[in-house]
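Structure file final38.txt; described as compact mmCIF, C-alpha atoms and all ligand atoms.
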# COMPACT_ATOMS: atom_id res chain seq x y z
CA MET A 1 20.76 -57.10 -25.03
CA THR A 2 18.66 -54.56 -23.12
CA GLU A 3 15.58 -53.22 -24.82
CA THR A 4 15.43 -49.41 -24.68
CA GLY A 5 13.08 -46.57 -25.70
CA SER A 6 10.44 -47.35 -28.31
CA THR A 7 11.72 -50.93 -28.89
CA ARG A 8 10.50 -52.01 -25.45
CA ARG A 9 7.32 -53.94 -24.86
CA PRO A 10 5.06 -52.90 -21.97
CA MET A 11 6.14 -54.52 -18.70
CA THR A 12 3.73 -56.72 -16.76
CA PRO A 13 3.80 -58.17 -13.24
CA PRO A 14 4.56 -61.68 -14.61
CA ALA A 15 7.42 -60.20 -16.70
CA ILE A 16 8.91 -58.61 -13.58
CA ARG A 17 8.40 -61.87 -11.68
CA ALA A 18 10.24 -63.75 -14.44
CA ARG A 19 13.33 -61.55 -13.97
CA LYS A 20 14.20 -63.40 -10.74
CA GLY A 21 17.92 -64.09 -10.84
CA GLY A 22 18.25 -62.46 -14.28
CA MET A 23 19.01 -58.99 -15.61
CA PRO A 24 18.69 -56.54 -12.66
CA ILE A 25 15.31 -54.81 -12.47
CA VAL A 26 15.64 -51.02 -12.74
CA CYS A 27 13.08 -49.05 -10.72
CA LEU A 28 12.60 -45.38 -9.78
CA THR A 29 9.80 -43.29 -8.35
CA ALA A 30 7.91 -40.65 -10.32
CA TYR A 31 5.10 -38.34 -9.25
CA THR A 32 4.53 -36.14 -12.32
CA THR A 33 4.03 -36.55 -16.08
CA PRO A 34 7.33 -34.98 -17.21
CA MET A 35 9.36 -37.11 -14.78
CA ALA A 36 7.43 -40.24 -15.79
CA GLN A 37 8.34 -39.54 -19.43
CA LEU A 38 12.02 -39.31 -18.49
CA VAL A 39 12.18 -42.44 -16.35
CA ASP A 40 9.97 -44.59 -18.62
CA LYS A 41 12.74 -44.91 -21.21
CA HIS A 42 15.16 -46.43 -18.72
CA CYS A 43 13.12 -48.20 -16.04
CA ASP A 44 11.34 -51.54 -15.88
CA LEU A 45 9.11 -50.43 -13.01
CA VAL A 46 7.99 -46.95 -11.93
CA LEU A 47 6.62 -46.47 -8.44
CA VAL A 48 4.25 -43.67 -7.57
CA GLY A 49 5.60 -43.73 -4.04
CA ASP A 50 3.94 -42.23 -1.01
CA SER A 51 7.32 -40.50 -0.62
CA VAL A 52 5.50 -37.91 -2.79
CA GLY A 53 4.24 -36.45 0.50
CA MET A 54 7.77 -35.63 1.65
CA VAL A 55 9.33 -34.95 -1.77
CA LEU A 56 6.66 -32.71 -3.33
CA HIS A 57 4.34 -31.67 -0.51
CA GLY A 58 6.80 -30.87 2.28
CA LEU A 59 5.29 -33.34 4.75
CA PRO A 60 7.55 -34.53 7.61
CA ASP A 61 6.86 -38.22 6.85
CA THR A 62 4.58 -40.37 4.67
CA LEU A 63 1.79 -40.71 7.25
CA GLY A 64 -0.15 -37.69 6.01
CA VAL A 65 -0.46 -38.97 2.45
CA THR A 66 -4.04 -39.73 1.36
CA LEU A 67 -5.67 -41.93 -1.27
CA ASP A 68 -6.71 -38.79 -3.15
CA MET A 69 -3.08 -37.64 -3.34
CA MET A 70 -2.04 -41.04 -4.71
CA VAL A 71 -4.85 -40.90 -7.29
CA LEU A 72 -3.85 -37.39 -8.42
CA HIS A 73 -0.16 -38.24 -8.82
CA GLY A 74 -0.93 -41.69 -10.22
CA LYS A 75 -3.03 -40.16 -13.02
CA ALA A 76 -0.21 -37.73 -13.83
CA VAL A 77 2.38 -40.53 -13.99
CA ARG A 78 0.12 -42.73 -16.15
CA ARG A 79 0.10 -40.00 -18.83
CA GLY A 80 3.90 -40.17 -19.02
CA LEU A 81 4.45 -43.95 -19.17
CA ASN A 82 4.57 -46.20 -22.22
CA SER A 83 6.48 -49.30 -21.29
CA ALA A 84 7.47 -49.34 -17.62
CA LEU A 85 5.22 -51.16 -15.16
CA MET A 86 3.34 -48.67 -13.00
CA VAL A 87 2.96 -49.49 -9.29
CA VAL A 88 1.12 -47.21 -6.86
CA ASP A 89 1.76 -47.13 -3.13
CA MET A 90 -1.17 -47.76 -0.83
CA PRO A 91 -0.99 -44.92 1.70
CA PHE A 92 -1.01 -45.30 5.48
CA GLY A 93 -4.47 -46.22 6.79
CA SER A 94 -5.82 -47.48 3.46
CA TYR A 95 -5.08 -51.21 3.80
CA GLU A 96 -4.23 -52.24 7.38
CA ALA A 97 -7.73 -52.60 8.89
CA SER A 98 -8.88 -55.58 6.84
CA PRO A 99 -8.23 -57.40 3.55
CA GLU A 100 -11.67 -56.28 2.34
CA GLU A 101 -10.92 -52.60 2.92
CA ALA A 102 -7.51 -53.06 1.31
CA PHE A 103 -9.23 -54.60 -1.73
CA ARG A 104 -11.69 -51.70 -2.06
CA ASN A 105 -8.93 -49.11 -1.84
CA ALA A 106 -6.51 -50.98 -4.11
CA ALA A 107 -9.23 -51.44 -6.74
CA HIS A 108 -10.04 -47.71 -6.47
CA LEU A 109 -6.36 -46.80 -6.98
CA MET A 110 -5.98 -49.11 -9.98
CA ARG A 111 -9.29 -48.03 -11.56
CA GLU A 112 -8.61 -44.31 -11.16
CA THR A 113 -4.91 -44.29 -12.10
CA GLY A 114 -4.50 -47.17 -14.54
CA ALA A 115 -1.69 -48.62 -12.39
CA GLU A 116 -0.95 -52.30 -12.97
CA ALA A 117 -0.13 -53.08 -9.34
CA VAL A 118 -0.06 -51.71 -5.80
CA LYS A 119 2.63 -51.75 -3.12
CA ILE A 120 1.91 -52.54 0.51
CA GLU A 121 4.23 -52.08 3.49
CA GLY A 122 4.49 -54.84 6.09
CA GLY A 123 5.65 -58.43 6.50
CA GLU A 124 4.03 -61.46 8.14
CA GLN A 125 1.12 -59.42 9.49
CA MET A 126 0.16 -58.25 5.98
CA ALA A 127 0.46 -61.70 4.35
CA PRO A 128 -3.28 -62.48 4.58
CA THR A 129 -4.06 -59.15 2.89
CA ILE A 130 -1.48 -59.76 0.15
CA ARG A 131 -3.02 -63.22 -0.44
CA PHE A 132 -6.56 -61.75 -0.53
CA LEU A 133 -5.58 -59.13 -3.13
CA SER A 134 -3.40 -61.44 -5.24
CA GLN A 135 -6.19 -64.02 -5.46
CA ARG A 136 -8.54 -61.27 -6.68
CA SER A 137 -6.44 -60.03 -9.61
CA ILE A 138 -4.61 -57.26 -7.78
CA PRO A 139 -0.87 -57.74 -8.29
CA VAL A 140 1.03 -56.74 -5.16
CA VAL A 141 4.59 -55.61 -4.50
CA ALA A 142 5.42 -56.15 -0.83
CA HIS A 143 7.72 -53.83 1.15
CA ILE A 144 9.67 -55.13 4.16
CA GLY A 145 12.65 -54.14 6.33
CA LEU A 146 12.40 -50.44 7.08
CA THR A 147 8.80 -49.60 6.24
CA PRO A 148 8.58 -45.79 6.46
CA GLN A 149 4.88 -45.75 7.43
CA ALA A 150 5.97 -47.48 10.66
CA VAL A 151 8.53 -44.77 11.50
CA ASN A 152 6.84 -44.05 14.84
CA ALA A 153 6.70 -47.72 15.82
CA PHE A 154 10.38 -48.14 14.85
CA GLY A 155 11.40 -44.94 16.64
CA GLY A 156 13.11 -43.52 13.52
CA TYR A 157 14.40 -44.55 10.11
CA ARG A 158 16.71 -47.19 11.58
CA VAL A 159 18.41 -50.09 9.79
CA GLN A 160 16.23 -53.19 10.27
CA GLY A 161 17.31 -56.80 10.65
CA ARG A 162 20.61 -56.42 12.49
CA GLY A 163 21.60 -59.32 14.77
CA ALA A 164 18.66 -61.19 16.24
CA GLU A 165 16.19 -58.98 14.31
CA ALA A 166 17.25 -60.73 11.10
CA GLU A 167 15.01 -63.74 11.83
CA GLN A 168 11.86 -61.62 11.77
CA VAL A 169 12.78 -59.88 8.51
CA LEU A 170 13.51 -63.28 6.97
CA ARG A 171 10.13 -64.58 8.15
CA ASP A 172 8.50 -61.46 6.67
CA ALA A 173 10.16 -62.10 3.30
CA HIS A 174 9.00 -65.72 3.19
CA ALA A 175 5.47 -64.82 4.31
CA VAL A 176 4.86 -62.09 1.72
CA ALA A 177 6.41 -64.12 -1.12
CA GLU A 178 4.34 -67.18 -0.23
CA ALA A 179 1.22 -65.01 0.02
CA GLY A 180 1.58 -64.08 -3.65
CA ALA A 181 3.57 -60.84 -3.87
CA PHE A 182 5.21 -60.78 -7.32
CA ALA A 183 8.18 -58.74 -6.03
CA VAL A 184 9.46 -57.62 -2.64
CA VAL A 185 11.04 -54.25 -1.85
CA ILE A 186 13.64 -54.63 0.92
CA GLU A 187 14.60 -51.35 2.56
CA LYS A 188 17.63 -50.55 4.71
CA VAL A 189 18.77 -53.99 5.87
CA PRO A 190 22.33 -55.38 6.16
CA GLU A 191 23.84 -56.74 2.96
CA ALA A 192 24.12 -60.32 4.24
CA LEU A 193 20.42 -60.43 5.11
CA ALA A 194 19.38 -58.98 1.73
CA ARG A 195 21.54 -61.61 0.03
CA GLN A 196 20.01 -64.44 2.08
CA ILE A 197 16.45 -63.25 1.37
CA THR A 198 17.25 -62.96 -2.34
CA GLU A 199 18.61 -66.50 -2.38
CA ASP A 200 15.70 -67.86 -0.33
CA ILE A 201 12.56 -66.48 -1.94
CA ALA A 202 11.16 -67.31 -5.36
CA VAL A 203 10.22 -63.76 -6.39
CA PRO A 204 12.52 -60.83 -7.21
CA THR A 205 13.85 -58.64 -4.43
CA ILE A 206 14.15 -54.91 -5.11
CA GLY A 207 16.64 -53.24 -2.82
CA ILE A 208 16.78 -49.74 -1.40
CA GLY A 209 19.72 -49.57 0.95
CA ALA A 210 19.93 -53.36 0.73
CA SER A 211 22.93 -54.02 -1.55
CA ALA A 212 23.53 -55.13 -5.14
CA ALA A 213 22.74 -58.73 -4.12
CA CYS A 214 19.06 -57.92 -4.74
CA ASP A 215 17.37 -58.73 -8.05
CA GLY A 216 16.78 -55.02 -8.70
CA GLN A 217 17.14 -51.55 -7.21
CA ILE A 218 14.81 -48.67 -6.47
CA LEU A 219 15.47 -45.10 -5.33
CA VAL A 220 13.53 -41.87 -5.13
CA VAL A 221 14.22 -40.10 -8.43
CA ASP A 222 14.63 -36.66 -6.81
CA ASP A 223 17.36 -38.15 -4.59
CA ILE A 224 19.46 -39.49 -7.48
CA LEU A 225 19.07 -36.14 -9.23
CA GLY A 226 20.40 -34.28 -6.18
CA MET A 227 17.31 -32.09 -5.82
CA PHE A 228 17.77 -31.83 -2.05
CA VAL A 229 20.98 -30.06 -1.21
CA ASP A 230 20.86 -30.85 2.53
CA PHE A 231 19.47 -34.41 2.44
CA GLN A 232 21.42 -37.51 1.46
CA PRO A 233 20.77 -40.89 3.09
CA LYS A 234 23.81 -43.21 2.97
CA PHE A 235 22.12 -45.54 0.46
CA VAL A 236 21.53 -42.77 -2.10
CA LYS A 237 24.02 -41.95 -4.83
CA ARG A 238 23.58 -38.58 -6.50
CA PHE A 239 23.96 -38.92 -10.27
CA ALA A 240 23.40 -35.15 -10.77
CA GLN A 241 23.31 -31.98 -8.68
CA LEU A 242 20.09 -30.45 -9.99
CA GLY A 243 19.29 -28.73 -6.68
CA ASN A 244 22.48 -26.66 -6.92
CA ASP A 245 21.95 -26.05 -10.65
CA ALA A 246 18.38 -24.90 -10.03
CA GLU A 247 19.46 -22.54 -7.27
CA SER A 248 22.15 -21.00 -9.54
CA ALA A 249 19.66 -20.60 -12.39
CA ILE A 250 17.10 -18.91 -10.13
CA ALA A 251 19.75 -16.58 -8.70
CA ALA A 252 20.91 -15.65 -12.25
CA TYR A 253 17.31 -14.93 -13.31
CA ALA A 254 16.70 -12.76 -10.24
CA GLU A 255 19.88 -10.77 -10.90
CA GLU A 256 19.03 -10.18 -14.58
CA VAL A 257 15.53 -9.01 -13.70
CA ARG A 258 16.96 -6.58 -11.13
CA VAL A 259 19.51 -5.07 -13.56
CA ARG A 260 16.96 -5.10 -16.43
CA SER A 261 19.15 -7.27 -18.71
CA PHE A 262 16.27 -9.74 -18.96
CA PRO A 263 14.11 -9.65 -21.04
CA ALA A 264 16.66 -8.93 -23.83
CA PRO A 265 15.77 -7.83 -27.40
CA GLU A 266 15.39 -11.47 -28.59
CA HIS A 267 12.60 -12.02 -26.06
CA LEU A 268 10.53 -9.00 -27.18
CA PHE A 269 7.56 -8.64 -29.54
CA SER A 270 7.07 -5.80 -31.97
CA ASP A 271 4.40 -5.11 -34.62
CA SER A 272 6.34 -7.13 -37.21
CA ASN A 273 8.38 -9.95 -35.59
CA PRO A 274 6.76 -13.37 -35.02
O1 LIG A 301 7.52 -44.28 -1.37
C1 LIG A 301 8.61 -44.62 -1.86
O2 LIG A 301 9.26 -43.83 -2.55
C2 LIG A 301 9.09 -45.98 -1.59
C3 LIG A 301 10.50 -46.40 -1.89
C4 LIG A 301 10.64 -47.87 -1.89
C5 LIG A 301 11.23 -45.80 -3.01
O3 LIG A 301 8.35 -46.74 -1.09
Starting from the file, give its structure as structure tokens.
Ligand code: KIV
Amino acid sequence: MTETGSTRRPMTPPAIRARKGGMPIVCLTAYTTPMAQLVDKHCDLVLVGDSVGMVLHGLPDTLGVTLDMMVLHGKAVRRGLNSALMVVDMPFGSYEASPEEAFRNAAHLMRETGAEAVKIEGGEQMAPTIRFLSQRSIPVVAHIGLTPQAVNAFGGYRVQGRGAEAEQVLRDAHAVAEAGAFAVVIEKVPEALARQITEDIAVPTIGIGASAACDGQILVVDDILGMFVDFQPKFVKRFAQLGNDAESAIAAYAEEVRVRSFPAPEHLFSDSNP
């Protein structure tokens, strides 16, 4: 039976790790307190993703996201979570230069936000950093396949690991798992490769555009809610159309203000009513 709502115990990195091959791990992003409160009831893991830059700040990609932005949104999410594990993304430029710098910035993020873990993009080349952090009490989620911070190096948000490229993604998966990551996000890779990685490595895989063969799934919460009318990657399913609903609500408000039917009598104050 699945634990829900107030019956759930707080999630920990070892508890997520122990879900390998078991009940699928449910993950979503959140960037604000109200959204964190909504997703907490249903998710095992909540990611304060650097996608916040594109989703809430209108940036063209995630490269402009700073540590300060992650701290601000991380603090907001912390206030909304009770039981889901909170993971914060390390933004571009905060971890690549050296394991020591990655440690300083990861510790800063965890201290300031109360997150239980950080996520780092990159495969084999980031394994020494993942090992350095993991051995110093910083639980790490790795992120391989399409790593959006490398969009310029990849030349776009292309599927990774097709054909001969599969070998490298497989090596990445082994390297980050062996370095101590307690879970691995796999983004936008062919189903067969995601399945092989999931069978091969000892820690849970969390797919985004990587098939139901993974041990869990993650998506950007605004995407599943249909907040963006003109944006829908193939791997996203919209479970609501809130962007359209919001637009209709705003249009109805504007019309009622213009014809003076809002505010109506029930919205008014007098000397006697409460
Ligand atoms: O920043 C993000 O939202 C991510 C995804 C894996 C959801 O990294």
How would you write as a PDB file with C-alpha atoms, in the frame of the given file the residues that get within 12 Å of (7.6, -62.0, -15.6) in the file's frame, counting all atoms listed in the file?
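Output (point_14.pdb):
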ATOM      1  CA  PRO A  10       5.060 -52.900 -21.970  1.00  0.00           C
ATOM      2  CA  MET A  11       6.140 -54.520 -18.700  1.00  0.00           C
ATOM      3  CA  THR A  12       3.730 -56.720 -16.760  1.00  0.00           C
ATOM      4  CA  PRO A  13       3.800 -58.170 -13.240  1.00  0.00           C
ATOM      5  CA  PRO A  14       4.560 -61.680 -14.610  1.00  0.00           C
ATOM      6  CA  ALA A  15       7.420 -60.200 -16.700  1.00  0.00           C
ATOM      7  CA  ILE A  16       8.910 -58.610 -13.580  1.00  0.00           C
ATOM      8  CA  ARG A  17       8.400 -61.870 -11.680  1.00  0.00           C
ATOM      9  CA  ALA A  18      10.240 -63.750 -14.440  1.00  0.00           C
ATOM     10  CA  ARG A  19      13.330 -61.550 -13.970  1.00  0.00           C
ATOM     11  CA  LYS A  20      14.200 -63.400 -10.740  1.00  0.00           C
ATOM     12  CA  GLY A  21      17.920 -64.090 -10.840  1.00  0.00           C
ATOM     13  CA  GLY A  22      18.250 -62.460 -14.280  1.00  0.00           C
ATOM     14  CA  MET A  23      19.010 -58.990 -15.610  1.00  0.00           C
ATOM     15  CA  ILE A  25      15.310 -54.810 -12.470  1.00  0.00           C
ATOM     16  CA  ASP A  44      11.340 -51.540 -15.880  1.00  0.00           C
ATOM     17  CA  LEU A  45       9.110 -50.430 -13.010  1.00  0.00           C
ATOM     18  CA  LEU A  85       5.220 -51.160 -15.160  1.00  0.00           C
ATOM     19  CA  PRO A 139      -0.870 -57.740  -8.290  1.00  0.00           C
ATOM     20  CA  PHE A 182       5.210 -60.780  -7.320  1.00  0.00           C
ATOM     21  CA  ALA A 183       8.180 -58.740  -6.030  1.00  0.00           C
ATOM     22  CA  VAL A 203      10.220 -63.760  -6.390  1.00  0.00           C
ATOM     23  CA  PRO A 204      12.520 -60.830  -7.210  1.00  0.00           C
TER      24      PRO A 204
END
Interface rows for range 27-140 of chain A against range 226-247 of chain A: nearest pair, Å to one decimal, 12 Å, all atoms listed in the file, as JSON lines:
{"residue": "A:Met54", "atom": "CA", "partner": "A:Phe228", "partner_atom": "CA", "distance": 11.3}
{"residue": "A:Val55", "atom": "CA", "partner": "A:Phe228", "partner_atom": "CA", "distance": 9.0}
{"residue": "A:Leu56", "atom": "CA", "partner": "A:Met227", "partner_atom": "CA", "distance": 11.0}
{"residue": "A:Gly58", "atom": "CA", "partner": "A:Phe228", "partner_atom": "CA", "distance": 11.8}
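In this structure, CA of Val77 in chain A sits 9.8 Å away from CA of Asp40 in chain A.
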How would you report the residues lying within 6 Å of ligand LIG 301 (chain A), as JSON, numbers by chain, if you count all atoms listed in the file? {"A": [29, 49, 50, 51, 218, 219, 220]}
List the spatial neighbours of Thr147 in chain A as a PyMOL selection string - criterion: any atom at most 8 Å away, all atoms listed in the file, same-chain residues fewer than 5 positions off excluded. chain A and resi 121-122+187
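The two atoms in question, CA of Arg78 in chain A and CA of Pro128 in chain A, are spaced 28.8 Å apart.
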Could you please determine the separation between CA of Lys119 in chain A and CA of Glu191 in chain A in Å, to one decimal place? 22.6 Å
Exercise: Thr66 in chain A partners within 10 Å, all atoms listed in the file, chain neighbours under 5 positions left out, as an mmCIF file with C-alpha atoms, in the coordinates of the input:
data_model
loop_
_atom_site.group_PDB
_atom_site.id
_atom_site.type_symbol
_atom_site.label_atom_id
_atom_site.label_comp_id
_atom_site.auth_asym_id
_atom_site.auth_seq_id
_atom_site.Cartn_x
_atom_site.Cartn_y
_atom_site.Cartn_z
ATOM 1 C CA ASP A 50 3.940 -42.230 -1.010
ATOM 2 C CA GLY A 53 4.240 -36.450 0.500
ATOM 3 C CA VAL A 71 -4.850 -40.900 -7.290
ATOM 4 C CA MET A 90 -1.170 -47.760 -0.830
ATOM 5 C CA PRO A 91 -0.990 -44.920 1.700
ATOM 6 C CA PHE A 92 -1.010 -45.300 5.480
ATOM 7 C CA GLY A 93 -4.470 -46.220 6.790
ATOM 8 C CA SER A 94 -5.820 -47.480 3.460
#
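Each of A:Ala175, A:Val221, A:Leu59, A:Ile197 was checked against Val46 in chain A using all atoms listed in the file; the smallest atom-to-atom distance is that of A:Val221.
Around Ala76 in chain A, within 10 Å and counting all atoms listed in the file, the residues found are A:Ala30, A:Tyr31, A:Thr32, A:Thr33, A:Pro34, A:Met35, A:Ala36, A:Val48, A:Met70, A:Val71, A:Leu72, A:His73, A:Gly74, A:Arg78, A:Arg79, A:Gly80, A:Leu81, A:Thr113, once anything fewer than 2 positions away on its own chain is removed.
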If we count only C-alpha atoms and set the cut-off at 12 Å, which residues sit around Phe132 in chain A, ignoring sequence neighbours fewer than 6 positions away in its own chain? Please answer as a list in words. Tyr95, Ser98, Pro99, Glu100, Glu101, Ala102, Phe103, Arg104, Ala106, Met126, Ile138, Pro139, Val140, Val176, Ala179, Gly180 and Ala181 of chain A
Keeping only C-alpha atoms, take the residues you just selected and write them out as a PDB file, in the coordinates of the input.
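To be explicit, this is the file written out as out.pdb:
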ATOM      1  CA  TYR A  95      -5.080 -51.210   3.800  1.00  0.00           C
ATOM      2  CA  SER A  98      -8.880 -55.580   6.840  1.00  0.00           C
ATOM      3  CA  PRO A  99      -8.230 -57.400   3.550  1.00  0.00           C
ATOM      4  CA  GLU A 100     -11.670 -56.280   2.340  1.00  0.00           C
ATOM      5  CA  GLU A 101     -10.920 -52.600   2.920  1.00  0.00           C
ATOM      6  CA  ALA A 102      -7.510 -53.060   1.310  1.00  0.00           C
ATOM      7  CA  PHE A 103      -9.230 -54.600  -1.730  1.00  0.00           C
ATOM      8  CA  ARG A 104     -11.690 -51.700  -2.060  1.00  0.00           C
ATOM      9  CA  ALA A 106      -6.510 -50.980  -4.110  1.00  0.00           C
ATOM     10  CA  MET A 126       0.160 -58.250   5.980  1.00  0.00           C
ATOM     11  CA  ILE A 138      -4.610 -57.260  -7.780  1.00  0.00           C
ATOM     12  CA  PRO A 139      -0.870 -57.740  -8.290  1.00  0.00           C
ATOM     13  CA  VAL A 140       1.030 -56.740  -5.160  1.00  0.00           C
ATOM     14  CA  VAL A 176       4.860 -62.090   1.720  1.00  0.00           C
ATOM     15  CA  ALA A 179       1.220 -65.010   0.020  1.00  0.00           C
ATOM     16  CA  GLY A 180       1.580 -64.080  -3.650  1.00  0.00           C
ATOM     17  CA  ALA A 181       3.570 -60.840  -3.870  1.00  0.00           C
TER      18      ALA A 181
END
At a cut-off of 10 Å, using all atoms listed in the file, what residues contact Tyr157 in chain A? Leave out same-chain residues fewer than 3 positions from it and give the result as a ChimeraX atom specification. /A:146-152,154,160,188
Counting all atoms listed in the file, find the residues whose atoms lie at most 9 Å from (10.8, -68.5, -5.1) (file coordinates) and write them out as a ChimeraX atom specification. /A:20,174,177-178,198-204
Nearest residue to Ala173 in chain A out of A:Glu124, A:Asp68, A:Glu116, A:Asp215, using only C-alpha atoms? A:Glu124
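Checking A:Ile120, A:Asp223, A:Ala115, A:Ile130 one by one against Val52 in chain A, counting all atoms listed in the file, you find the shortest gap at A:Asp223.
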Point out the residue among A:Ala252, A:Ala153, A:Met110, A:Ala192 with the least atom-to-atom distance to Ser137 in chain A, counting only C-alpha atoms. A:Met110
Could N, CA, C and O atoms be built for range 186-202 of chain A and written out as a short mmCIF file (atom, residue, chain, number, x, y, z; two decimals), in the frame of the given file?
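Below is the file that was written, selection_20.cif:
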data_model
loop_
_atom_site.label_atom_id
_atom_site.label_comp_id
_atom_site.auth_asym_id
_atom_site.auth_seq_id
_atom_site.Cartn_x
_atom_site.Cartn_y
_atom_site.Cartn_z
N ILE A 186 12.97 -54.46 -0.38
CA ILE A 186 13.64 -54.63 0.92
C ILE A 186 14.38 -53.33 1.21
O ILE A 186 15.26 -52.94 0.45
N GLU A 187 14.00 -52.67 2.29
CA GLU A 187 14.60 -51.35 2.56
C GLU A 187 15.50 -51.39 3.79
O GLU A 187 15.11 -51.90 4.86
N LYS A 188 16.70 -50.85 3.62
CA LYS A 188 17.63 -50.55 4.71
C LYS A 188 17.85 -51.74 5.65
O LYS A 188 17.53 -51.69 6.83
N VAL A 189 18.39 -52.82 5.07
CA VAL A 189 18.77 -53.99 5.87
C VAL A 189 20.23 -54.30 5.56
O VAL A 189 20.74 -53.93 4.50
N PRO A 190 20.94 -55.03 6.43
CA PRO A 190 22.33 -55.38 6.16
C PRO A 190 22.45 -56.22 4.88
O PRO A 190 21.56 -57.00 4.55
N GLU A 191 23.61 -56.05 4.24
CA GLU A 191 23.84 -56.74 2.96
C GLU A 191 23.65 -58.26 3.06
O GLU A 191 23.01 -58.87 2.21
N ALA A 192 24.18 -58.86 4.14
CA ALA A 192 24.12 -60.32 4.24
C ALA A 192 22.67 -60.80 4.31
O ALA A 192 22.32 -61.85 3.73
N LEU A 193 21.84 -60.04 5.00
CA LEU A 193 20.42 -60.43 5.11
C LEU A 193 19.72 -60.28 3.76
O LEU A 193 18.96 -61.16 3.34
N ALA A 194 19.99 -59.18 3.06
CA ALA A 194 19.38 -58.98 1.73
C ALA A 194 19.78 -60.11 0.80
O ALA A 194 18.97 -60.63 0.02
N ARG A 195 21.05 -60.52 0.89
CA ARG A 195 21.54 -61.61 0.03
C ARG A 195 20.82 -62.92 0.37
O ARG A 195 20.38 -63.65 -0.51
N GLN A 196 20.67 -63.18 1.68
CA GLN A 196 20.01 -64.44 2.08
C GLN A 196 18.54 -64.46 1.62
O GLN A 196 18.05 -65.46 1.10
N ILE A 197 17.86 -63.32 1.81
CA ILE A 197 16.45 -63.25 1.37
C ILE A 197 16.37 -63.49 -0.13
O ILE A 197 15.52 -64.25 -0.62
N THR A 198 17.26 -62.84 -0.87
CA THR A 198 17.25 -62.96 -2.34
C THR A 198 17.48 -64.41 -2.76
O THR A 198 16.86 -64.90 -3.71
N GLU A 199 18.37 -65.09 -2.05
CA GLU A 199 18.61 -66.50 -2.38
C GLU A 199 17.43 -67.38 -1.99
O GLU A 199 17.11 -68.36 -2.66
N ASP A 200 16.77 -67.00 -0.90
CA ASP A 200 15.70 -67.86 -0.33
C ASP A 200 14.38 -67.80 -1.09
O ASP A 200 13.71 -68.82 -1.24
N ILE A 201 13.95 -66.59 -1.47
CA ILE A 201 12.56 -66.48 -1.94
C ILE A 201 12.49 -66.58 -3.46
O ILE A 201 13.46 -66.31 -4.17
N ALA A 202 11.31 -66.98 -3.94
CA ALA A 202 11.16 -67.31 -5.36
C ALA A 202 10.85 -66.09 -6.22
O ALA A 202 10.84 -66.19 -7.45
#
